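Peer 1: What follows is a structure written as structure tokens; I'll ask about it next.
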2 protein chains.
Amino acid sequence: MSQSRIARLRQVMDSDTPFLVSNLVNIRYLSGFTGSNALLLISMESAFLLTDSRYEIQSRRECPEIDVVISRDLFGSAIELLQTPALAIEGSALSVTHWQRIAKQVPDLQVAEPLIEGLRIVKDSTEIAVVSKACDISTASLEILKTEIHFGMTERQIARRLESLMLDMGADSIAFQTIVASGPNSAIPHHKPTDRPLQKGDLLKIDFGALVDGYHADCTRTFTAGKAADWQKELHECVLASQHNGIKALAPDVDFGVVVRAANAPLQEAGFMDKFTHGLGHGVGLEIHEQPFLSSPIGGKIVQNMVVTIEPGVYLPDLGGIRIEDTIVITSFASEVLTKFTYELTSVG
Amino acid sequence: MSQSRIARLRQVMDSDTPFLVSNLVNIRYLSGFTGSNALLLISMESAFLLTDSRYEIQSRRECPEIDVVISRDLFGSAIELLQTPALAIEGSALSVTHWQRIAKQVPDLQVAEPLIEGLRIVKDSTEIAVVSKACDISTASLEILKTEIHFGMTERQIARRLESLMLDMGADSIAFQTIVASGPNSAIPHHKPTDRPLQKGDLLKIDFGALVDGYHADCTRTFTAGKAADWQKELHECVLASQHNGIKALAPDVDFGVVVRAANAPLQEAGFMDKFTHGLGHGVGLEIHEQPFLSSPIGGKIVQNMVVTIEPGVYLPDLGGIRIEDTIVITSFASEVLTKFTYELTSVG
């Protein structure tokens, strides 16, 4: 695995300039190393993983095909390994402090394009299998949770129970801080669970996911506590139409803009565009938010084996909000939803 | 809270140079904002929190005394707010990409000393209360877990159970990836739980903690699966002597080096110093590892209301390892262990 990914990087990197990878997610992607402190130095001829003594055994186990260097000073050791005056670094993953230090010793220090993020956009079959597993654990947990929610349960209690279910089903951890937002709190897109108890008439928005082998799942469903009011049904119908339009538009070679416009149409028609305050979707993989970002101003095309979310939402301050989100893999001709869970507006409590 | 911490920063920062805080932990410390995307721009006259629309409601709720600016381009908006040609940034928390962008528009761009990390070293009473709560949840969970562990339970199962217990007892989440390492795996200082089942004769090392209101607990105990072998008893006695020496040495005005030497003495005497491959301890607070770092080459003095760990460990490759770790607050004349849990070598299974 690591050898083929490093080979792909070598095809796109400047062959005269060694590449110092400092983003730990990119290091994991290229080398398989999962520790919390490392650098990866890649040239056309060699690849060195630098880490500290805590990870000596683990790094050799996880990266059998890469030369491991154990050091107390990773940047110092990386510079010592250099055989050229040139070095390329990751501009978004290197601090100013480290940049200034390296610049003193490396005459031709360059900021590389985000090449590895580019490679990571299109997933291989192993990655898709792991994301699928994370999505299966997530939705199976929500199926159980749905039957257990009752009036008076707090947002925190609901979140904790969902997290326990995911861990019990084999998640390594949760993919991100679970959002459970009830009543007026559901109007806050990224709400942190509180001790507010669930009340009859509430909207209940749950945005959550499992983490498996470093890969994330991302799913949102909004429920009603008790029987849905008419305005809740109408709002849900509108957001659902937006989400289905977005998913239907996903196919190889389609412009991001086409997907965004398709999803926006029902919201525009209903006059809700100013209540949809975030992007339509994003890539999911080793990070919960990664390229591609599906928002209007950024161009690009959908490609087979991308994994993305489609997650329109409408937030009515003080009243409530609805978001519906799936994690989706692009197939050879269309797309497949990985977070399979009913789209019907479901009543809980 | 936020006003007094910002006032403390203003006492130490350069009064002519606005300070752009980009480290999210430092932003939380100064402002109370807990979202995942923000900048904080502080001058002697003003304080602006910049974040995106997802956090509009949350930021105004969490930072009632600070001017909130909602923007799609935080760095662009921060530069627009500047009324001086000078700006200081956090060198370790700003990427090269952002640095180069700001440098184009700000003529006098400076790297500030890590002033906020300096303020964070000494905790206030609110912080100590929250760390104590996180420590109480951690050790109470371990008390229950201890009675439930049985032969054949896998490392992953033990870790998941411990995490569920902490969440059920009120932890917001786990403080870091739980380490459960059995048998030969216990010789790996930072081991990731596997499906290895617990076997009679194993050492079982558990390094874990709860997270409460952003504050971390950090605790390690090592058990034996079944009756302890003599070599396990001797090893445990040696590491425990080291840990107790370290804790006993903690008091205001004591040099870090004195603490390290006290803790090292029993390991040196037993010939284990080369098997103790990490630092003796570190600060704990809004980060699981923060200043001060208690390792030999770094100087400094213990100060009242620091919260630190003392965590010696001896790792015998392929055989097993023992670490004993507590989170400890420095009092006016000595120290108090916050992770109260027996030091006796306890048999489980």
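By order in the structure tokens, chains are A, B, ...; within a chain, residues start at 1; ligands start at 1, following the order shown.
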At a cut-off of 7 Å, using only C-alpha atoms, what residues contact stretch 56-60 of chain A? Leave out same-chain residues fewer than 3 positions from it and give the result as number ranges by chain.

Peer 2: A: 33, 52-53, 63-64, 68, 70; B: 188

Peer 1: Identify all chain B residues at most 8 Å from chain A by counting only C-alpha atoms; ligands do not count. Present them as a VMD selection string.

Peer 2: chain B and resid 53 to 55 57 to 58 91 to 99 160 164 167 to 168 188 to 191 277 to 278

Peer 1: Extract, using only C-alpha atoms, all DNA, RNA and protein residues at most 7 Å from B:Ala38, discarding same-chain residues fewer than 3 positions from it, and format them as JSON, numbers by chain.

Peer 2: {"B": [24, 49, 50, 51]}

Peer 1: Can you provide chain A as a tab-separated table (two decimals) with C-alpha atoms, in the first residue's frame, superposed onto chain B by least squares across all C-alpha atoms matched in order?

Peer 2:
```tsv
chain	number	residue	atom	x	y	z
A	1	MET	CA	-13.27	35.14	32.89
A	2	SER	CA	-12.35	36.11	29.34
A	3	GLN	CA	-11.81	39.75	30.28
A	4	SER	CA	-9.37	38.94	33.07
A	5	ARG	CA	-7.36	36.53	30.93
A	6	ILE	CA	-7.17	39.01	28.07
A	7	ALA	CA	-6.11	41.64	30.61
A	8	ARG	CA	-3.29	39.34	31.72
A	9	LEU	CA	-2.18	38.92	28.12
A	10	ARG	CA	-2.18	42.70	27.64
A	11	GLN	CA	0.21	43.00	30.58
A	12	VAL	CA	2.82	40.89	28.81
A	13	MET	CA	2.28	41.60	25.10
A	14	ASP	CA	3.93	44.41	23.16
A	15	SER	CA	1.49	47.30	23.62
A	16	ASP	CA	2.18	48.73	20.15
A	17	THR	CA	1.59	45.50	18.26
A	18	PRO	CA	-1.82	43.82	17.95
A	19	PHE	CA	-1.66	40.08	18.60
A	20	LEU	CA	-3.40	37.65	16.24
A	21	VAL	CA	-4.16	34.44	18.11
A	22	SER	CA	-4.66	31.46	15.78
A	23	ASN	CA	-4.15	28.51	18.16
A	24	LEU	CA	-7.71	27.34	18.89
A	25	VAL	CA	-6.78	26.17	22.38
A	26	ASN	CA	-5.37	29.61	23.18
A	27	ILE	CA	-8.49	31.22	21.70
A	28	ARG	CA	-10.65	29.06	23.95
A	29	TYR	CA	-8.51	29.94	26.96
A	30	LEU	CA	-8.76	33.68	26.35
A	31	SER	CA	-12.31	33.99	25.00
A	32	GLY	CA	-14.27	30.89	25.98
A	33	PHE	CA	-15.05	30.10	22.33
A	34	THR	CA	-15.14	26.34	21.70
A	35	GLY	CA	-15.77	26.17	17.95
A	36	SER	CA	-13.40	24.71	15.38
A	37	ASN	CA	-12.66	27.79	13.27
A	38	ALA	CA	-11.67	31.18	14.68
A	39	LEU	CA	-9.09	33.91	15.06
A	40	LEU	CA	-8.77	36.31	17.99
A	41	LEU	CA	-7.31	39.76	17.37
A	42	ILE	CA	-6.22	41.54	20.54
A	43	SER	CA	-4.90	45.06	20.92
A	44	MET	CA	-4.68	47.22	24.02
A	45	GLU	CA	-8.02	48.83	23.10
A	46	SER	CA	-10.03	46.07	21.46
A	47	ALA	CA	-10.63	42.34	21.16
A	48	PHE	CA	-12.31	40.74	18.15
A	49	LEU	CA	-13.29	37.11	17.73
A	50	LEU	CA	-13.54	36.17	14.05
A	51	THR	CA	-15.42	33.02	13.08
A	52	ASP	CA	-17.73	31.70	10.37
A	53	SER	CA	-21.50	31.67	10.11
A	54	ARG	CA	-21.86	28.14	11.55
A	55	TYR	CA	-20.81	29.61	14.88
A	56	GLU	CA	-22.77	32.87	14.85
A	57	ILE	CA	-25.15	32.00	17.70
A	58	GLN	CA	-22.63	29.95	19.66
A	59	SER	CA	-19.89	32.58	19.53
A	60	ARG	CA	-22.13	35.35	20.84
A	61	ARG	CA	-23.33	33.04	23.61
A	62	GLU	CA	-19.84	31.92	24.61
A	63	CYS	CA	-18.11	35.30	24.24
A	64	PRO	CA	-20.63	37.93	25.41
A	65	GLU	CA	-17.90	40.45	26.23
A	66	ILE	CA	-15.97	40.22	22.97
A	67	ASP	CA	-16.83	41.74	19.59
A	68	VAL	CA	-17.73	38.90	17.23
A	69	VAL	CA	-17.05	39.22	13.50
A	70	ILE	CA	-18.66	36.65	11.19
A	71	SER	CA	-16.70	36.13	7.99
A	72	ARG	CA	-15.98	33.65	5.24
A	73	ASP	CA	-12.35	34.83	5.14
A	74	LEU	CA	-11.06	35.13	8.70
A	75	PHE	CA	-7.54	36.25	7.81
A	76	GLY	CA	-8.81	38.81	5.31
A	77	SER	CA	-11.20	40.25	7.88
A	78	ALA	CA	-8.53	40.33	10.57
A	79	ILE	CA	-6.21	42.31	8.31
A	80	GLU	CA	-9.03	44.75	7.53
A	81	LEU	CA	-9.55	45.37	11.25
A	82	LEU	CA	-5.87	46.28	11.74
A	83	GLN	CA	-5.13	49.93	12.42
A	84	THR	CA	-1.36	49.59	12.60
A	85	PRO	CA	1.33	48.40	10.17
A	86	ALA	CA	2.45	45.92	12.83
A	87	LEU	CA	1.04	42.55	13.78
A	88	ALA	CA	2.35	39.75	15.98
A	89	ILE	CA	1.39	36.15	15.28
A	90	GLU	CA	1.85	32.80	16.99
A	91	GLY	CA	4.77	31.16	15.19
A	92	SER	CA	3.86	27.63	16.19
A	93	ALA	CA	0.17	28.00	15.31
A	94	LEU	CA	0.28	29.81	11.99
A	95	SER	CA	0.96	27.97	8.74
A	96	VAL	CA	3.50	29.09	6.19
A	97	THR	CA	0.65	29.59	3.71
A	98	HIS	CA	-1.17	32.04	5.98
A	99	TRP	CA	2.11	33.75	6.97
A	100	GLN	CA	2.98	34.41	3.35
A	101	ARG	CA	-0.48	35.78	2.64
A	102	ILE	CA	-0.49	38.13	5.64
A	103	ALA	CA	3.08	39.26	4.93
A	104	LYS	CA	1.92	40.68	1.58
A	105	GLN	CA	-0.44	43.09	3.35
A	106	VAL	CA	1.17	43.73	6.74
A	107	PRO	CA	4.56	45.45	6.49
A	108	ASP	CA	5.72	44.76	10.04
A	109	LEU	CA	4.78	41.12	10.64
A	110	GLN	CA	6.36	39.65	13.77
A	111	VAL	CA	6.50	36.25	15.47
A	112	ALA	CA	5.48	36.69	19.12
A	113	GLU	CA	6.90	34.71	22.00
A	114	PRO	CA	4.52	31.92	23.20
A	115	LEU	CA	2.93	34.29	25.72
A	116	ILE	CA	-0.42	32.57	26.12
A	117	GLU	CA	1.15	29.14	26.70
A	118	GLY	CA	3.07	30.91	29.47
A	119	LEU	CA	-0.13	32.18	31.06
A	120	ARG	CA	-1.75	28.75	30.80
A	121	ILE	CA	0.98	27.02	32.85
A	122	VAL	CA	-0.48	28.23	36.14
A	123	LYS	CA	-4.12	27.23	36.55
A	124	ASP	CA	-6.85	29.23	38.27
A	125	SER	CA	-9.32	27.71	40.71
A	126	THR	CA	-11.98	27.10	38.04
A	127	GLU	CA	-9.50	25.19	35.91
A	128	ILE	CA	-8.27	23.08	38.83
A	129	ALA	CA	-11.86	22.22	39.78
A	130	VAL	CA	-12.59	21.01	36.25
A	131	VAL	CA	-9.38	18.98	35.98
A	132	SER	CA	-10.23	17.44	39.38
A	133	LYS	CA	-13.65	16.47	38.10
A	134	ALA	CA	-12.11	14.88	35.00
A	135	CYS	CA	-9.68	12.97	37.24
A	136	ASP	CA	-12.48	11.80	39.56
A	137	ILE	CA	-14.50	10.48	36.62
A	138	SER	CA	-11.40	8.68	35.32
A	139	THR	CA	-10.47	6.89	38.52
A	140	ALA	CA	-14.07	6.05	39.44
A	141	SER	CA	-14.39	4.43	36.00
A	142	LEU	CA	-11.20	2.44	36.50
A	143	GLU	CA	-12.50	1.21	39.89
A	144	ILE	CA	-15.49	-0.33	38.14
A	145	LEU	CA	-13.51	-1.61	35.16
A	146	LYS	CA	-11.03	-3.36	37.48
A	147	THR	CA	-13.80	-5.61	38.81
A	148	GLU	CA	-15.09	-6.44	35.32
A	149	ILE	CA	-11.89	-7.43	33.51
A	150	HIS	CA	-11.64	-11.14	32.80
A	151	PHE	CA	-9.28	-13.43	30.88
A	152	GLY	CA	-10.09	-13.46	27.19
A	153	MET	CA	-11.31	-9.86	27.08
A	154	THR	CA	-9.48	-8.09	24.25
A	155	GLU	CA	-7.55	-4.86	24.60
A	156	ARG	CA	-10.19	-3.17	22.48
A	157	GLN	CA	-13.03	-4.47	24.62
A	158	ILE	CA	-11.33	-3.27	27.78
A	159	ALA	CA	-10.69	0.16	26.26
A	160	ARG	CA	-14.26	0.52	24.98
A	161	ARG	CA	-15.74	-0.46	28.32
A	162	LEU	CA	-13.55	2.05	30.14
A	163	GLU	CA	-14.56	4.76	27.68
A	164	SER	CA	-18.26	3.93	28.06
A	165	LEU	CA	-17.92	4.15	31.82
A	166	MET	CA	-16.29	7.59	31.61
A	167	LEU	CA	-18.98	8.88	29.26
A	168	ASP	CA	-21.74	7.47	31.48
A	169	MET	CA	-20.19	9.22	34.48
A	170	GLY	CA	-20.33	12.61	32.75
A	171	ALA	CA	-17.17	12.95	30.69
A	172	ASP	CA	-17.72	15.09	27.58
A	173	SER	CA	-15.46	12.68	25.74
A	174	ILE	CA	-12.25	10.79	26.27
A	175	ALA	CA	-9.16	12.95	26.78
A	176	PHE	CA	-7.04	10.97	24.30
A	177	GLN	CA	-6.95	7.60	22.59
A	178	THR	CA	-7.11	5.08	25.43
A	179	ILE	CA	-4.05	2.85	25.71
A	180	VAL	CA	-4.79	-0.72	26.78
A	181	ALA	CA	-1.69	-2.88	26.29
A	182	SER	CA	-1.48	-6.49	27.45
A	183	GLY	CA	1.39	-8.96	27.61
A	184	PRO	CA	4.26	-8.07	25.27
A	185	ASN	CA	2.23	-5.10	23.98
A	186	SER	CA	2.68	-3.42	27.37
A	187	ALA	CA	6.32	-2.89	26.34
A	188	ILE	CA	5.07	-0.42	23.70
A	189	PRO	CA	4.76	2.94	25.50
A	190	HIS	CA	1.98	4.28	23.21
A	191	HIS	CA	0.20	1.12	22.16
A	192	LYS	CA	-3.12	1.14	20.29
A	193	PRO	CA	-5.62	-1.44	21.58
A	194	THR	CA	-5.83	-4.60	19.45
A	195	ASP	CA	-7.93	-7.76	19.47
A	196	ARG	CA	-5.34	-9.57	21.60
A	197	PRO	CA	-7.19	-11.38	24.42
A	198	LEU	CA	-5.96	-11.03	28.01
A	199	GLN	CA	-3.95	-14.05	29.13
A	200	LYS	CA	-2.87	-15.32	32.51
A	201	GLY	CA	0.56	-13.94	33.36
A	202	ASP	CA	0.15	-10.73	31.29
A	203	LEU	CA	1.01	-7.28	32.46
A	204	LEU	CA	-1.93	-5.01	31.61
A	205	LYS	CA	-1.09	-1.33	31.17
A	206	ILE	CA	-3.99	1.14	30.97
A	207	ASP	CA	-3.30	4.83	30.18
A	208	PHE	CA	-6.50	6.85	29.93
A	209	GLY	CA	-8.44	9.92	30.98
A	210	ALA	CA	-11.71	11.81	30.78
A	211	LEU	CA	-12.30	15.19	29.15
A	212	VAL	CA	-14.53	17.70	30.96
A	213	ASP	CA	-15.24	21.24	29.71
A	214	GLY	CA	-12.13	21.08	27.56
A	215	TYR	CA	-9.83	19.95	30.41
A	216	HIS	CA	-7.99	16.63	30.42
A	217	ALA	CA	-7.21	13.96	32.99
A	218	ASP	CA	-4.23	11.64	32.52
A	219	CYS	CA	-3.72	8.46	34.53
A	220	THR	CA	-1.89	5.15	34.06
A	221	ARG	CA	-1.99	1.99	36.13
A	222	THR	CA	-0.50	-1.40	35.33
A	223	PHE	CA	-2.21	-4.58	36.53
A	224	THR	CA	-1.29	-8.26	36.41
A	225	ALA	CA	-3.61	-10.81	34.83
A	226	GLY	CA	-3.72	-13.39	37.57
A	227	LYS	CA	-1.06	-13.70	40.26
A	228	ALA	CA	1.98	-11.46	39.78
A	229	ALA	CA	5.27	-13.13	38.92
A	230	ASP	CA	8.31	-12.13	40.95
A	231	TRP	CA	9.88	-10.16	38.10
A	232	GLN	CA	6.61	-8.25	37.70
A	233	LYS	CA	6.53	-7.41	41.40
A	234	GLU	CA	10.15	-6.22	41.35
A	235	LEU	CA	9.63	-4.13	38.23
A	236	HIS	CA	6.48	-2.59	39.70
A	237	GLU	CA	8.24	-1.79	42.96
A	238	CYS	CA	11.01	-0.03	41.10
A	239	VAL	CA	8.70	2.09	38.90
A	240	LEU	CA	6.53	2.90	41.92
A	241	ALA	CA	9.57	4.06	43.91
A	242	SER	CA	10.48	6.30	40.99
A	243	GLN	CA	6.98	7.73	40.78
A	244	HIS	CA	6.72	8.34	44.52
A	245	ASN	CA	10.11	10.04	44.56
A	246	GLY	CA	9.00	12.30	41.72
A	247	ILE	CA	5.73	13.22	43.43
A	248	LYS	CA	7.45	13.79	46.78
A	249	ALA	CA	9.86	16.22	45.12
A	250	LEU	CA	7.06	18.36	43.68
A	251	ALA	CA	6.75	21.66	45.54
A	252	PRO	CA	6.80	25.34	44.66
A	253	ASP	CA	10.24	26.71	43.73
A	254	VAL	CA	11.82	23.30	43.10
A	255	ASP	CA	13.82	22.97	39.87
A	256	PHE	CA	12.43	20.56	37.29
A	257	GLY	CA	15.86	18.90	37.29
A	258	VAL	CA	15.55	18.07	40.99
A	259	VAL	CA	12.23	16.28	40.35
A	260	VAL	CA	13.66	14.37	37.39
A	261	ARG	CA	16.77	13.30	39.30
A	262	ALA	CA	14.69	12.15	42.28
A	263	ALA	CA	12.48	10.03	40.02
A	264	ASN	CA	15.41	8.65	38.04
A	265	ALA	CA	17.39	7.44	41.08
A	266	PRO	CA	15.55	4.11	41.63
A	267	LEU	CA	15.59	3.36	37.89
A	268	GLN	CA	19.31	4.08	37.67
A	269	GLU	CA	20.03	1.89	40.67
A	270	ALA	CA	18.14	-1.00	39.06
A	271	GLY	CA	19.84	-0.46	35.70
A	272	PHE	CA	16.61	0.48	33.91
A	273	MET	CA	17.37	4.02	32.72
A	274	ASP	CA	17.80	2.90	29.10
A	275	LYS	CA	14.36	1.25	29.28
A	276	PHE	CA	12.69	4.53	30.32
A	277	THR	CA	12.33	6.06	26.89
A	278	HIS	CA	10.09	9.10	27.39
A	279	GLY	CA	9.84	12.23	29.52
A	280	LEU	CA	8.97	12.07	33.22
A	281	GLY	CA	5.92	14.30	33.00
A	282	HIS	CA	4.10	17.20	31.39
A	283	GLY	CA	1.54	19.87	32.10
A	284	VAL	CA	-2.14	18.95	31.69
A	285	GLY	CA	-4.97	21.37	31.02
A	286	LEU	CA	-6.74	22.40	27.82
A	287	GLU	CA	-4.22	20.14	26.09
A	288	ILE	CA	-3.25	16.66	27.18
A	289	HIS	CA	0.43	17.57	26.75
A	290	GLU	CA	1.31	21.17	27.48
A	291	GLN	CA	3.94	23.20	29.29
A	292	PRO	CA	5.77	22.56	31.55
A	293	PHE	CA	7.62	19.53	30.16
A	294	LEU	CA	9.54	17.78	32.94
A	295	SER	CA	12.54	16.37	31.14
A	296	SER	CA	16.17	16.78	32.03
A	297	PRO	CA	17.52	19.24	29.49
A	298	ILE	CA	14.76	21.81	29.99
A	299	GLY	CA	15.13	24.08	32.98
A	300	GLY	CA	12.41	25.73	35.02
A	301	LYS	CA	10.83	25.76	38.43
A	302	ILE	CA	7.67	24.21	39.85
A	303	VAL	CA	5.04	26.86	40.68
A	304	GLN	CA	1.91	26.68	42.82
A	305	ASN	CA	-1.22	25.72	40.83
A	306	MET	CA	0.65	24.03	38.03
A	307	VAL	CA	-1.03	20.75	37.04
A	308	VAL	CA	1.47	18.11	35.91
A	309	THR	CA	1.84	14.38	35.45
A	310	ILE	CA	4.57	12.18	36.91
A	311	GLU	CA	4.80	9.03	34.80
A	312	PRO	CA	7.93	6.91	34.90
A	313	GLY	CA	7.84	3.69	32.92
A	314	VAL	CA	10.12	0.77	32.20
A	315	TYR	CA	9.62	-1.17	28.96
A	316	LEU	CA	11.26	-4.57	28.42
A	317	PRO	CA	10.83	-5.44	24.72
A	318	ASP	CA	8.84	-8.65	24.04
A	319	LEU	CA	8.34	-9.19	27.79
A	320	GLY	CA	6.24	-6.30	29.06
A	321	GLY	CA	6.28	-2.83	30.53
A	322	ILE	CA	5.00	-0.95	33.54
A	323	ARG	CA	4.05	2.71	33.76
A	324	ILE	CA	2.45	4.47	36.72
A	325	GLU	CA	1.09	7.95	36.12
A	326	ASP	CA	-0.87	10.51	38.07
A	327	THR	CA	-2.20	13.98	37.38
A	328	ILE	CA	-1.07	16.22	40.22
A	329	VAL	CA	-1.74	19.81	41.28
A	330	ILE	CA	0.96	21.82	43.03
A	331	THR	CA	-0.27	23.28	46.33
A	332	SER	CA	1.20	26.15	48.36
A	333	PHE	CA	3.79	23.90	49.97
A	334	ALA	CA	3.73	20.48	48.24
A	335	SER	CA	1.37	18.69	45.84
A	336	GLU	CA	-1.89	16.77	45.72
A	337	VAL	CA	-2.58	13.76	43.53
A	338	LEU	CA	-5.86	14.24	41.62
A	339	THR	CA	-6.04	10.75	40.11
A	340	LYS	CA	-6.45	8.89	43.37
A	341	PHE	CA	-6.23	5.15	42.75
A	342	THR	CA	-4.38	2.43	44.63
A	343	TYR	CA	-0.66	2.04	43.97
A	344	GLU	CA	-0.69	-1.64	44.94
A	345	LEU	CA	0.08	-4.04	42.13
A	346	THR	CA	-3.45	-5.33	41.60
A	347	SER	CA	-4.39	-8.62	40.01
A	348	VAL	CA	-7.33	-8.72	37.56
A	349	GLY	CA	-9.04	-11.48	35.61
```

Peer 1: From a DSSP calculation on the backbone, collect every residue of stretch 18-97 of chain A in alpha helix (DSSP H) and output the set as a PyMOL selection string.

Peer 2: chain A and resi 24-31+56-62+74-81+96-97

Peer 1: Using only N, CA and C atoms, please write the residues we just selected to a file, as a compact mmCIF listing (two decimals), in the first residue's frame.

Peer 2:
```txt
# COMPACT_ATOMS: atom_id res chain seq x y z
N LEU A 24 0.19 15.09 9.50
CA LEU A 24 0.13 13.70 10.00
C LEU A 24 -0.88 12.84 9.24
N VAL A 25 -1.94 13.46 8.75
CA VAL A 25 -2.91 12.70 7.97
C VAL A 25 -2.27 12.26 6.64
N ASN A 26 -1.53 13.16 6.03
CA ASN A 26 -0.85 12.80 4.79
C ASN A 26 0.23 11.74 5.03
N ILE A 27 0.90 11.84 6.17
CA ILE A 27 1.91 10.84 6.52
C ILE A 27 1.24 9.48 6.68
N ARG A 28 0.11 9.45 7.36
CA ARG A 28 -0.62 8.19 7.52
C ARG A 28 -1.03 7.63 6.16
N TYR A 29 -1.54 8.51 5.31
CA TYR A 29 -1.99 8.08 3.97
C TYR A 29 -0.85 7.44 3.18
N LEU A 30 0.32 8.07 3.24
CA LEU A 30 1.44 7.58 2.41
C LEU A 30 2.17 6.40 3.03
N SER A 31 2.28 6.39 4.37
CA SER A 31 3.16 5.42 5.02
C SER A 31 2.43 4.38 5.86
N GLU A 56 8.93 3.67 18.40
CA GLU A 56 9.94 2.85 17.72
C GLU A 56 9.35 1.53 17.23
N ILE A 57 8.71 0.78 18.12
CA ILE A 57 8.17 -0.53 17.74
C ILE A 57 7.01 -0.36 16.76
N GLN A 58 6.11 0.55 17.11
CA GLN A 58 4.92 0.75 16.28
C GLN A 58 5.28 1.18 14.85
N SER A 59 6.24 2.08 14.72
CA SER A 59 6.56 2.60 13.38
C SER A 59 7.15 1.51 12.50
N ARG A 60 7.98 0.64 13.08
CA ARG A 60 8.57 -0.43 12.26
C ARG A 60 7.51 -1.46 11.88
N ARG A 61 6.51 -1.62 12.77
CA ARG A 61 5.43 -2.56 12.48
C ARG A 61 4.50 -1.99 11.39
N GLU A 62 4.21 -0.70 11.50
CA GLU A 62 3.25 -0.11 10.57
C GLU A 62 3.87 0.24 9.22
N LEU A 74 13.09 15.90 15.17
CA LEU A 74 12.71 15.39 13.85
C LEU A 74 13.17 16.32 12.73
N PHE A 75 13.00 17.63 12.91
CA PHE A 75 13.37 18.56 11.85
C PHE A 75 14.89 18.56 11.65
N GLY A 76 15.62 18.55 12.76
CA GLY A 76 17.08 18.49 12.67
C GLY A 76 17.53 17.25 11.92
N SER A 77 16.96 16.12 12.24
CA SER A 77 17.35 14.87 11.59
C SER A 77 16.95 14.87 10.12
N ALA A 78 15.82 15.45 9.80
CA ALA A 78 15.39 15.50 8.40
C ALA A 78 16.38 16.33 7.59
N ILE A 79 16.80 17.45 8.15
CA ILE A 79 17.75 18.31 7.43
C ILE A 79 19.08 17.58 7.23
N GLU A 80 19.49 16.81 8.25
CA GLU A 80 20.74 16.05 8.11
C GLU A 80 20.67 15.01 6.99
N LEU A 81 19.49 14.47 6.76
CA LEU A 81 19.33 13.44 5.72
C LEU A 81 19.33 14.02 4.31
N VAL A 96 5.18 28.57 11.05
CA VAL A 96 6.16 29.62 10.77
C VAL A 96 7.44 29.36 11.55
N THR A 97 7.32 28.90 12.78
CA THR A 97 8.50 28.62 13.60
C THR A 97 9.40 27.58 12.94
```

Peer 1: Identify, with DSSP run on backbone atoms, the residues in stretch 14-131 of chain B assigned to strand (DSSP E or B), and express the list as a list of chain:residue names.

Peer 2: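 Across stretch 14-131 of chain B, those assigned strand (DSSP E or B) are B:Phe19, B:Leu20, B:Val21, B:Ala38, B:Leu39, B:Leu40, B:Leu41, B:Ile42, B:Ala47, B:Phe48, B:Leu49, B:Leu50, B:Thr51, B:Asp67, B:Val68, B:Val69, B:Ile70, B:Ala86, B:Leu87, B:Ala88, B:Ile89, B:Glu90, B:Ser95, B:Asp108, B:Leu109, B:Gln110, B:Val111, B:Ala112, B:Val122.
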
Peer 1: Selection from above, C-alpha atoms, as a PDB file, in the first residue's frame, can you write it?

Peer 2:
```
ATOM      1  CA  PHE B  19      -1.664  40.086  18.589  1.00  0.00           C
ATOM      2  CA  LEU B  20      -3.396  37.653  16.221  1.00  0.00           C
ATOM      3  CA  VAL B  21      -4.154  34.431  18.108  1.00  0.00           C
ATOM      4  CA  ALA B  38     -11.651  31.158  14.675  1.00  0.00           C
ATOM      5  CA  LEU B  39      -9.085  33.895  15.056  1.00  0.00           C
ATOM      6  CA  LEU B  40      -8.762  36.296  17.964  1.00  0.00           C
ATOM      7  CA  LEU B  41      -7.314  39.760  17.363  1.00  0.00           C
ATOM      8  CA  ILE B  42      -6.225  41.535  20.527  1.00  0.00           C
ATOM      9  CA  ALA B  47     -10.649  42.326  21.144  1.00  0.00           C
ATOM     10  CA  PHE B  48     -12.316  40.719  18.121  1.00  0.00           C
ATOM     11  CA  LEU B  49     -13.286  37.088  17.719  1.00  0.00           C
ATOM     12  CA  LEU B  50     -13.529  36.142  14.045  1.00  0.00           C
ATOM     13  CA  THR B  51     -15.399  32.986  13.086  1.00  0.00           C
ATOM     14  CA  ASP B  67     -16.835  41.716  19.564  1.00  0.00           C
ATOM     15  CA  VAL B  68     -17.718  38.867  17.225  1.00  0.00           C
ATOM     16  CA  VAL B  69     -17.047  39.188  13.491  1.00  0.00           C
ATOM     17  CA  ILE B  70     -18.643  36.604  11.185  1.00  0.00           C
ATOM     18  CA  ALA B  86       2.428  45.953  12.812  1.00  0.00           C
ATOM     19  CA  LEU B  87       1.012  42.563  13.754  1.00  0.00           C
ATOM     20  CA  ALA B  88       2.345  39.774  15.972  1.00  0.00           C
ATOM     21  CA  ILE B  89       1.378  36.160  15.262  1.00  0.00           C
ATOM     22  CA  GLU B  90       1.846  32.805  16.991  1.00  0.00           C
ATOM     23  CA  SER B  95       0.982  27.970   8.750  1.00  0.00           C
ATOM     24  CA  ASP B 108       5.702  44.785  10.038  1.00  0.00           C
ATOM     25  CA  LEU B 109       4.765  41.136  10.629  1.00  0.00           C
ATOM     26  CA  GLN B 110       6.348  39.665  13.763  1.00  0.00           C
ATOM     27  CA  VAL B 111       6.518  36.288  15.471  1.00  0.00           C
ATOM     28  CA  ALA B 112       5.480  36.704  19.116  1.00  0.00           C
ATOM     29  CA  VAL B 122      -0.471  28.219  36.147  1.00  0.00           C
TER      30      VAL B 122
END
```
